[in-house]
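Student: My structure file coords.tsv, TSV, C-alpha atoms and all ligand atoms, is below:
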```
chain	number	residue	atom	x	y	z
A	1267	MET	CA	7.04	-63.26	-43.07
A	1268	ARG	CA	9.75	-61.42	-41.17
A	1269	ALA	CA	10.53	-57.98	-42.59
A	1270	ALA	CA	14.29	-58.38	-42.91
A	1271	ALA	CA	14.03	-61.64	-44.81
A	1272	GLN	CA	13.54	-59.15	-47.67
A	1273	HIS	CA	16.82	-57.40	-46.71
A	1274	PRO	CA	19.23	-60.29	-46.03
A	1275	PRO	CA	22.79	-59.22	-45.23
A	1276	ALA	CA	25.34	-59.45	-48.00
A	1277	PRO	CA	26.93	-62.84	-48.64
A	1278	GLY	CA	30.28	-63.60	-47.04
A	1279	ARG	CA	30.84	-63.76	-43.30
A	1280	LEU	CA	27.18	-63.17	-42.42
A	1281	GLY	CA	25.75	-64.97	-45.42
A	1282	LEU	CA	26.04	-68.53	-44.14
A	1283	ILE	CA	24.98	-67.70	-40.59
A	1284	TRP	CA	22.03	-65.46	-41.38
A	1285	PRO	CA	19.47	-68.05	-42.57
A	1286	VAL	CA	20.27	-70.25	-39.56
A	1287	LEU	CA	19.56	-67.34	-37.19
A	1288	LEU	CA	16.30	-66.49	-38.96
A	1289	ASP	CA	15.16	-70.11	-38.56
A	1290	ALA	CA	15.81	-69.91	-34.81
A	1291	LEU	CA	13.65	-66.78	-34.32
A	1292	PRO	CA	10.07	-67.22	-33.15
A	1293	ALA	CA	7.57	-65.95	-35.73
A	1294	SER	CA	6.87	-62.78	-33.75
A	1295	GLY	CA	8.07	-60.89	-30.68
A	1296	ALA	CA	11.51	-62.49	-30.62
A	1297	CYS	CA	13.85	-61.42	-27.81
A	1298	VAL	CA	17.52	-61.68	-28.74
A	1299	LEU	CA	20.65	-61.13	-26.64
A	1300	ASP	CA	23.87	-60.37	-28.52
A	1301	CYS	CA	26.87	-60.91	-26.20
A	1302	GLY	CA	29.87	-58.92	-27.40
A	1303	GLY	CA	27.61	-57.69	-30.18
A	1304	GLY	CA	29.90	-54.75	-30.91
A	1305	SER	CA	28.61	-52.24	-33.43
A	1306	GLY	CA	25.58	-54.29	-34.46
A	1307	THR	CA	26.66	-56.39	-37.43
A	1308	PHE	CA	24.05	-58.95	-36.39
A	1309	ALA	CA	21.90	-56.92	-33.99
A	1310	VAL	CA	20.72	-54.38	-36.56
A	1311	PRO	CA	19.62	-56.91	-39.22
A	1312	LEU	CA	17.94	-58.98	-36.49
A	1313	ALA	CA	16.01	-55.90	-35.35
A	1314	GLN	CA	15.04	-55.29	-38.99
A	1315	ALA	CA	13.72	-58.86	-38.96
A	1316	GLY	CA	11.37	-57.81	-36.14
A	1317	ALA	CA	13.35	-58.91	-33.07
A	1318	HIS	CA	13.98	-56.88	-29.92
A	1319	VAL	CA	17.72	-57.06	-29.43
A	1320	THR	CA	19.81	-56.38	-26.32
A	1321	VAL	CA	23.51	-55.93	-27.02
A	1322	VAL	CA	25.99	-56.35	-24.15
A	1323	ASP	CA	29.50	-55.13	-24.90
A	1324	VAL	CA	32.43	-53.77	-22.87
A	1325	SER	CA	33.17	-51.11	-25.48
A	1326	ALA	CA	31.39	-47.75	-25.19
A	1327	ASP	CA	32.64	-46.83	-28.69
A	1328	ALA	CA	31.11	-49.98	-30.21
A	1329	LEU	CA	27.79	-49.27	-28.48
A	1330	ALA	CA	27.80	-45.69	-29.79
A	1331	THR	CA	28.23	-47.04	-33.33
A	1332	LEU	CA	25.49	-49.60	-32.64
A	1333	HIS	CA	23.03	-46.86	-31.67
A	1334	ARG	CA	23.90	-44.78	-34.73
A	1335	ARG	CA	23.48	-47.76	-37.08
A	1336	ALA	CA	20.19	-48.79	-35.44
A	1337	ALA	CA	18.85	-45.24	-35.85
A	1338	GLU	CA	19.93	-45.10	-39.50
A	1339	ALA	CA	18.17	-48.43	-40.11
A	1340	GLY	CA	14.98	-47.17	-38.42
A	1341	VAL	CA	15.09	-49.76	-35.61
A	1342	ALA	CA	16.41	-47.66	-32.71
A	1343	GLU	CA	13.44	-48.59	-30.52
A	1344	GLN	CA	14.13	-52.30	-30.91
A	1345	VAL	CA	17.81	-52.18	-30.01
A	1346	VAL	CA	19.10	-51.69	-26.44
A	1347	GLY	CA	22.82	-51.41	-25.73
A	1348	ARG	CA	24.19	-52.21	-22.28
A	1349	GLN	CA	27.83	-51.64	-21.44
A	1350	GLY	CA	29.11	-54.57	-19.42
A	1351	ASP	CA	31.18	-57.73	-19.26
A	1352	VAL	CA	29.67	-61.06	-20.29
A	1353	GLU	CA	31.36	-62.58	-17.25
A	1354	GLY	CA	28.81	-60.68	-15.13
A	1355	LEU	CA	26.00	-61.13	-17.63
A	1356	ALA	CA	23.20	-62.03	-15.19
A	1357	GLU	CA	23.54	-58.65	-13.46
A	1358	VAL	CA	23.82	-56.75	-16.73
A	1359	VAL	CA	20.54	-58.20	-18.08
A	1360	ASP	CA	18.82	-58.59	-14.67
A	1361	GLY	CA	18.59	-62.37	-15.03
A	1362	SER	CA	16.42	-62.13	-18.19
A	1363	ARG	CA	16.23	-65.11	-20.55
A	1364	PHE	CA	16.03	-64.89	-24.33
A	1365	ASP	CA	14.73	-66.79	-27.37
A	1366	LEU	CA	18.08	-66.48	-29.10
A	1367	VAL	CA	21.48	-65.66	-27.57
A	1368	LEU	CA	24.46	-64.79	-29.76
A	1369	ALA	CA	28.11	-65.13	-28.70
A	1370	HIS	CA	29.96	-64.34	-31.92
A	1371	GLY	CA	33.66	-63.63	-31.67
A	1372	VAL	CA	33.58	-62.88	-27.95
A	1373	LEU	CA	34.54	-66.15	-26.21
A	1374	GLY	CA	38.16	-65.83	-27.32
A	1375	ALA	CA	38.33	-62.48	-25.51
A	1376	VAL	CA	37.02	-63.46	-22.08
A	1377	GLU	CA	39.32	-64.08	-19.11
A	1378	ALA	CA	37.54	-67.11	-17.63
A	1379	LEU	CA	35.91	-69.16	-20.39
A	1380	GLY	CA	33.94	-71.61	-18.22
A	1381	PRO	CA	32.16	-69.02	-16.01
A	1382	ALA	CA	31.58	-66.69	-18.99
A	1383	PHE	CA	30.05	-69.50	-21.04
A	1384	ALA	CA	27.87	-70.60	-18.11
A	1385	ALA	CA	26.54	-67.03	-17.75
A	1386	ILE	CA	25.79	-66.84	-21.50
A	1387	ALA	CA	24.13	-70.27	-21.56
A	1388	ALA	CA	21.97	-69.37	-18.53
A	1389	ALA	CA	20.42	-66.56	-20.58
A	1390	VAL	CA	18.90	-69.06	-23.07
A	1391	ARG	CA	15.26	-69.78	-22.17
A	1392	PRO	CA	13.91	-73.37	-22.32
A	1393	GLY	CA	13.28	-74.04	-26.02
A	1394	GLY	CA	15.62	-71.19	-26.98
A	1395	TRP	CA	18.82	-71.16	-29.00
A	1396	LEU	CA	22.48	-70.28	-28.56
A	1397	SER	CA	24.52	-69.23	-31.61
A	1398	VAL	CA	28.31	-69.25	-31.16
A	1399	VAL	CA	31.05	-68.24	-33.58
A	1400	VAL	CA	34.62	-69.09	-32.55
A	1401	ALA	CA	37.98	-69.05	-34.26
A	1402	ASN	CA	39.23	-72.48	-35.23
A	1403	PRO	CA	42.78	-73.13	-33.95
A	1404	VAL	CA	43.31	-75.82	-36.60
A	1405	ALA	CA	42.99	-73.13	-39.28
A	1406	ALA	CA	45.87	-71.21	-37.69
A	1407	VAL	CA	48.17	-74.21	-38.30
A	1408	LEU	CA	47.22	-74.31	-41.98
A	1409	ALA	CA	47.46	-70.55	-42.44
A	1410	ARG	CA	51.01	-70.49	-41.00
A	1411	ALA	CA	52.12	-73.45	-43.12
A	1412	PHE	CA	50.65	-72.03	-46.36
A	1413	ALA	CA	52.36	-68.72	-45.59
A	1414	GLY	CA	55.65	-70.64	-45.53
A	1415	ASP	CA	56.25	-70.26	-41.77
A	1416	VAL	CA	56.70	-73.93	-40.92
A	1417	ALA	CA	58.15	-73.35	-37.43
A	1418	ALA	CA	55.13	-71.22	-36.46
A	1419	ALA	CA	52.81	-73.88	-37.92
A	1420	LEU	CA	54.45	-76.51	-35.70
A	1421	ALA	CA	54.08	-74.25	-32.65
A	1422	GLU	CA	50.37	-73.73	-33.44
A	1423	LEU	CA	49.96	-77.49	-33.90
A	1424	ARG	CA	51.58	-78.26	-30.53
A	1425	ALA	CA	49.39	-75.62	-28.87
A	1426	LEU	CA	46.33	-77.65	-29.93
A	1427	ASP	CA	47.32	-80.22	-27.29
A	1428	THR	CA	48.56	-77.89	-24.58
A	1429	ASP	CA	45.95	-75.10	-24.81
A	1430	VAL	CA	42.96	-77.41	-24.37
A	1431	HIS	CA	40.91	-74.75	-22.57
A	1432	ALA	CA	41.02	-72.24	-25.43
A	1433	ALA	CA	37.64	-71.39	-26.96
A	1434	GLY	CA	37.86	-73.70	-29.98
A	1435	PRO	CA	34.85	-75.53	-31.42
A	1436	ASP	CA	35.37	-78.80	-29.52
A	1437	THR	CA	35.68	-76.97	-26.20
A	1438	VAL	CA	32.54	-74.95	-26.96
A	1439	ALA	CA	30.59	-78.10	-27.88
A	1440	ALA	CA	31.64	-79.68	-24.56
A	1441	LEU	CA	30.64	-76.50	-22.67
A	1442	CYS	CA	27.22	-76.58	-24.35
A	1443	ARG	CA	26.62	-80.11	-23.10
A	1444	ALA	CA	27.91	-79.28	-19.61
A	1445	ASN	CA	25.45	-76.36	-19.45
A	1446	GLY	CA	22.37	-78.32	-20.55
A	1447	LEU	CA	22.37	-77.31	-24.24
A	1448	GLN	CA	22.13	-79.71	-27.18
A	1449	VAL	CA	24.40	-78.93	-30.14
A	1450	SER	CA	22.31	-79.25	-33.29
A	1451	ALA	CA	24.62	-77.90	-35.99
A	1452	MET	CA	28.27	-77.03	-36.57
A	1453	HIS	CA	29.36	-75.23	-39.73
A	1454	GLY	CA	32.73	-74.03	-40.97
A	1455	ILE	CA	32.86	-70.34	-41.94
A	1456	GLY	CA	35.70	-69.58	-44.32
A	1457	VAL	CA	37.11	-72.94	-45.36
A	1458	PHE	CA	39.03	-71.48	-48.30
A	1459	SER	CA	38.75	-67.68	-48.11
A	1460	ASP	CA	41.76	-67.04	-45.85
A	1461	LEU	CA	43.94	-69.52	-47.77
A	1462	LEU	CA	43.43	-68.11	-51.25
A	1463	PRO	CA	45.80	-65.52	-52.69
A	1464	GLY	CA	43.94	-62.20	-53.24
A	1465	ARG	CA	44.46	-62.38	-57.02
A	1466	ALA	CA	42.37	-65.56	-57.14
A	1467	LEU	CA	39.28	-63.37	-56.72
A	1468	ASP	CA	40.13	-60.84	-59.46
A	1469	ALA	CA	38.42	-62.75	-62.26
A	1470	PRO	CA	34.79	-61.86	-63.06
A	1471	GLY	CA	32.41	-64.08	-61.06
A	1472	ALA	CA	35.20	-65.49	-58.88
A	1473	ARG	CA	33.80	-64.07	-55.62
A	1474	GLU	CA	30.35	-65.51	-56.32
A	1475	ALA	CA	31.93	-68.87	-57.18
A	1476	LEU	CA	33.86	-68.77	-53.88
A	1477	ASP	CA	30.64	-68.03	-51.96
A	1478	ARG	CA	29.05	-71.12	-53.55
A	1479	LEU	CA	32.12	-73.23	-52.76
A	1480	GLU	CA	32.15	-72.03	-49.14
A	1481	ALA	CA	28.44	-72.79	-48.77
A	1482	ALA	CA	28.90	-76.31	-50.15
A	1483	ALA	CA	31.91	-77.01	-47.91
A	1484	SER	CA	30.62	-75.45	-44.67
A	1485	GLY	CA	28.69	-78.47	-43.39
A	1486	ARG	CA	30.89	-81.19	-44.84
A	1487	PRO	CA	33.63	-82.83	-42.73
A	1488	PRO	CA	36.59	-82.83	-43.02
A	1489	LEU	CA	36.44	-79.47	-44.88
A	1490	ARG	CA	34.38	-77.73	-42.19
A	1491	ASN	CA	36.98	-78.83	-39.61
A	1492	ILE	CA	39.69	-76.64	-41.20
A	1493	ALA	CA	37.57	-73.47	-41.57
A	1494	ALA	CA	38.88	-70.23	-40.09
A	1495	ARG	CA	35.81	-69.96	-37.85
A	1496	VAL	CA	33.13	-72.38	-36.72
A	1497	HIS	CA	29.46	-71.58	-36.16
A	1498	LEU	CA	27.61	-73.75	-33.61
A	1499	MET	CA	23.89	-73.77	-32.88
A	1500	ALA	CA	22.71	-75.30	-29.61
A	1501	ARG	CA	19.23	-75.53	-28.07
A	1502	ARG	CA	18.05	-75.67	-24.50
A	1503	PRO	CA	15.41	-78.43	-24.29
A	1504	ASP	CA	11.86	-77.35	-23.27
B	1	LIG	C1	35.48	-59.61	-32.61
B	1	LIG	S1	34.27	-58.48	-31.99
B	1	LIG	C2	32.78	-59.32	-32.53
B	1	LIG	C3	31.64	-58.37	-32.72
B	1	LIG	C4	30.34	-59.04	-33.19
B	1	LIG	N1	29.88	-60.05	-32.24
B	1	LIG	C5	30.49	-59.63	-34.57
B	1	LIG	O1	30.46	-60.86	-34.71
B	1	LIG	O2	30.65	-58.86	-35.52
B	1	LIG	C6	34.31	-58.83	-30.24
B	1	LIG	C7	33.44	-57.90	-29.42
B	1	LIG	O3	33.38	-58.39	-28.09
B	1	LIG	C8	33.52	-57.32	-27.19
B	1	LIG	N2	34.06	-57.90	-25.94
B	1	LIG	C9	35.29	-58.40	-25.71
B	1	LIG	N3	35.38	-58.91	-24.47
B	1	LIG	C10	34.15	-58.75	-23.89
B	1	LIG	C11	33.60	-59.10	-22.63
B	1	LIG	N4	34.35	-59.71	-21.70
B	1	LIG	N5	32.32	-58.79	-22.38
B	1	LIG	C12	31.56	-58.15	-23.32
B	1	LIG	N6	32.03	-57.79	-24.54
B	1	LIG	C13	33.31	-58.10	-24.83
B	1	LIG	C14	34.45	-56.34	-27.88
B	1	LIG	O4	34.30	-55.02	-27.38
B	1	LIG	C15	33.95	-56.47	-29.34
B	1	LIG	O5	32.92	-55.56	-29.62
```
Kindly return the structure encoded in the file as structure tokens.

Tutor:
Amino acid sequence: MRAAAQHPPAPGRLGLIWPVLLDALPASGACVLDCGGGSGTFAVPLAQAGAHVTVVDVSADALATLHRRAAEAGVAEQVVGRQGDVEGLAEVVDGSRFDLVLAHGVLGAVEALGPAFAAIAAAVRPGGWLSVVVANPVAAVLARAFAGDVAAALAELRALDTDVHAAGPDTVAALCRANGLQVSAMHGIGVFSDLLPGRALDAPGAREALDRLEAAASGRPPLRNIAARVHLMARRPD
């Protein structure tokens, strides 16, 4: 049993993704690459689960925080930080390939999505997995409308047709296929959370109830299609 299965991250943003990542790890000696891994929100728990994790990030500050958090968690020797751009990933990781590659929250920040995605996908070994988290542009339409800004909602809606190369879930699924990866799962992260007024969570037990509601809705269309973020898992065939 992997050590960190006893220390799962708190529910919420990580909660729905975490068991999926654990399932994708080989039983021992897992090598993980976290692209745009920042300060180690995923890298440190993955190292606690026994993986060796390489984090590539452009931010020196984020990597400094990563190293501090890894040391505090007692996994400094399993976590390597490399400052670099995912668009030049092959050079940054010397062409290495990994059992599990994460690209959480980074695709929306790259300049050239296609080349960056190809570099990330190339780092997945045959039989390995890619985990992607991207913002869902459909959720932006709903958020604007529920906030009462109807004109902005219409602009966001029109952008869905014009900004077809943005890193939304459908674009990412197409990029997976174009780069030889098979999409095996797509889950919505935050179907309701960003739409609820803050006071809705004041009542005792409300946050736990919301976590259960989010978990039940995350894999169920059409609810998963309006989530704030989407988590995709894709596999490179052996
Ligand atoms: C929204 S944060 C996500 C952090 C982490 N993956 C998570 O899910 O908590 C985006 C991270 O990507 C990094 N980043 C942005 N553009 C990048 C690029 N072109 N190459 C590498 N890292 C990048 C930022 O420095 C930041 O740490």

Student: What are the nearest atom pairs, with distances in Å to one decimal, for all residues of range 1343-1372 of chain A that come at most 10 Å from range 1287-1290 of chain A, using only C-alpha atoms, set out by chain and rising residue number as a Markdown table?

Tutor:
```
| residue | atom | partner | partner_atom | distance |
| --- | --- | --- | --- | --- |
| A:Asp1365 | CA | A:Ala1290 | CA | 8.1 |
| A:Leu1366 | CA | A:Ala1290 | CA | 7.0 |
| A:Val1367 | CA | A:Leu1287 | CA | 10.0 |
| A:Leu1368 | CA | A:Leu1287 | CA | 9.3 |
```

Student: Keeping only C-alpha atoms, take the residues you just selected and write them out as an mmCIF file, in the coordinates of the input.

Tutor:
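Result written to selection.cif:
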```
data_model
loop_
_atom_site.group_PDB
_atom_site.id
_atom_site.type_symbol
_atom_site.label_atom_id
_atom_site.label_comp_id
_atom_site.auth_asym_id
_atom_site.auth_seq_id
_atom_site.Cartn_x
_atom_site.Cartn_y
_atom_site.Cartn_z
ATOM 1 C CA ASP A 1365 14.730 -66.790 -27.370
ATOM 2 C CA LEU A 1366 18.080 -66.480 -29.100
ATOM 3 C CA VAL A 1367 21.480 -65.660 -27.570
ATOM 4 C CA LEU A 1368 24.460 -64.790 -29.760
#
```

Student: Which value, in Å to one decimal, gives the distance between atom C6 of ligand LIG 1 (chain B) and CA of Ala1369 in chain A?

Tutor: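 So the answer is 9.0 Å.
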
Student: Please identify the residues whose atoms come within 7 Å of ligand LIG 1 (chain B), using all atoms listed in the file, and report them as a list in words.

Tutor: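 Within the 7 Å cut-off, the matching residues are Cys1301, Gly1302, Gly1303, Gly1304, Ser1305, Gly1306, Thr1307, Phe1308, Val1322, Asp1323, Val1324, Ser1325, Ala1328, Gly1350, Asp1351, Val1352, Glu1353, Ala1369, His1370, Gly1371, Val1372, Ala1375 and Val1376 of chain A.
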
Student: Would you pick out the contacts of range 1396-1403 of chain A at 10 Å or less, using all atoms listed in the file, so that residues sharing its chain but fewer than 6 positions from it are not included, and give the list as a ChimeraX atom specification?

Tutor: /A:1283,1286-1287,1290,1298-1301,1364-1374,1386-1387,1389-1390,1422-1423,1425-1426,1429,1432-1436,1438-1439,1442,1447-1449,1451-1455,1490-1502

Student: Could you check how far CA of Ala1317 in chain A sits from CA of Gly1295 in chain A, in Å to one decimal?

Tutor: 6.1 Å

Student: Please check which residues have atoms at most 6 Å from (11.9, -76.5, -25.1) in the file's coordinates, counting all atoms listed in the file, and write them as a tab-separated table (two decimals) with C-alpha atoms, keeping the file's coordinate frame.

Tutor:
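Everything below was put into out_21.tsv:
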```tsv
chain	number	residue	atom	x	y	z
A	1392	PRO	CA	13.91	-73.37	-22.32
A	1393	GLY	CA	13.28	-74.04	-26.02
A	1503	PRO	CA	15.41	-78.43	-24.29
A	1504	ASP	CA	11.86	-77.35	-23.27
```

Student: Check the smallest atom-to-atom distance from each of A:Pro1285, A:Gly1340, A:Gly1446, A:Gly1414 to Ala1384 in chain A using all atoms listed in the file, then report the winner.

Tutor: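 Nearest candidate to Ala1384 in chain A out of A:Pro1285, A:Gly1340, A:Gly1446, A:Gly1414: A:Gly1446.
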
Student: Using only C-alpha atoms, which of A:Arg1334, A:Arg1465, A:Arg1443, A:Arg1363 sits nearest Ala1388 in chain A?

Tutor: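 Looking at the shortest contact to Ala1388 in chain A, the residue is A:Arg1363.
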
Student: Out of A:Arg1391, A:Ala1296, A:His1333, A:Gly1464, which residue has the shortest atom-to-atom distance to Gly1347 in chain A when counting all atoms listed in the file?

Tutor: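 Closest residue, counting all atoms listed in the file: A:His1333.
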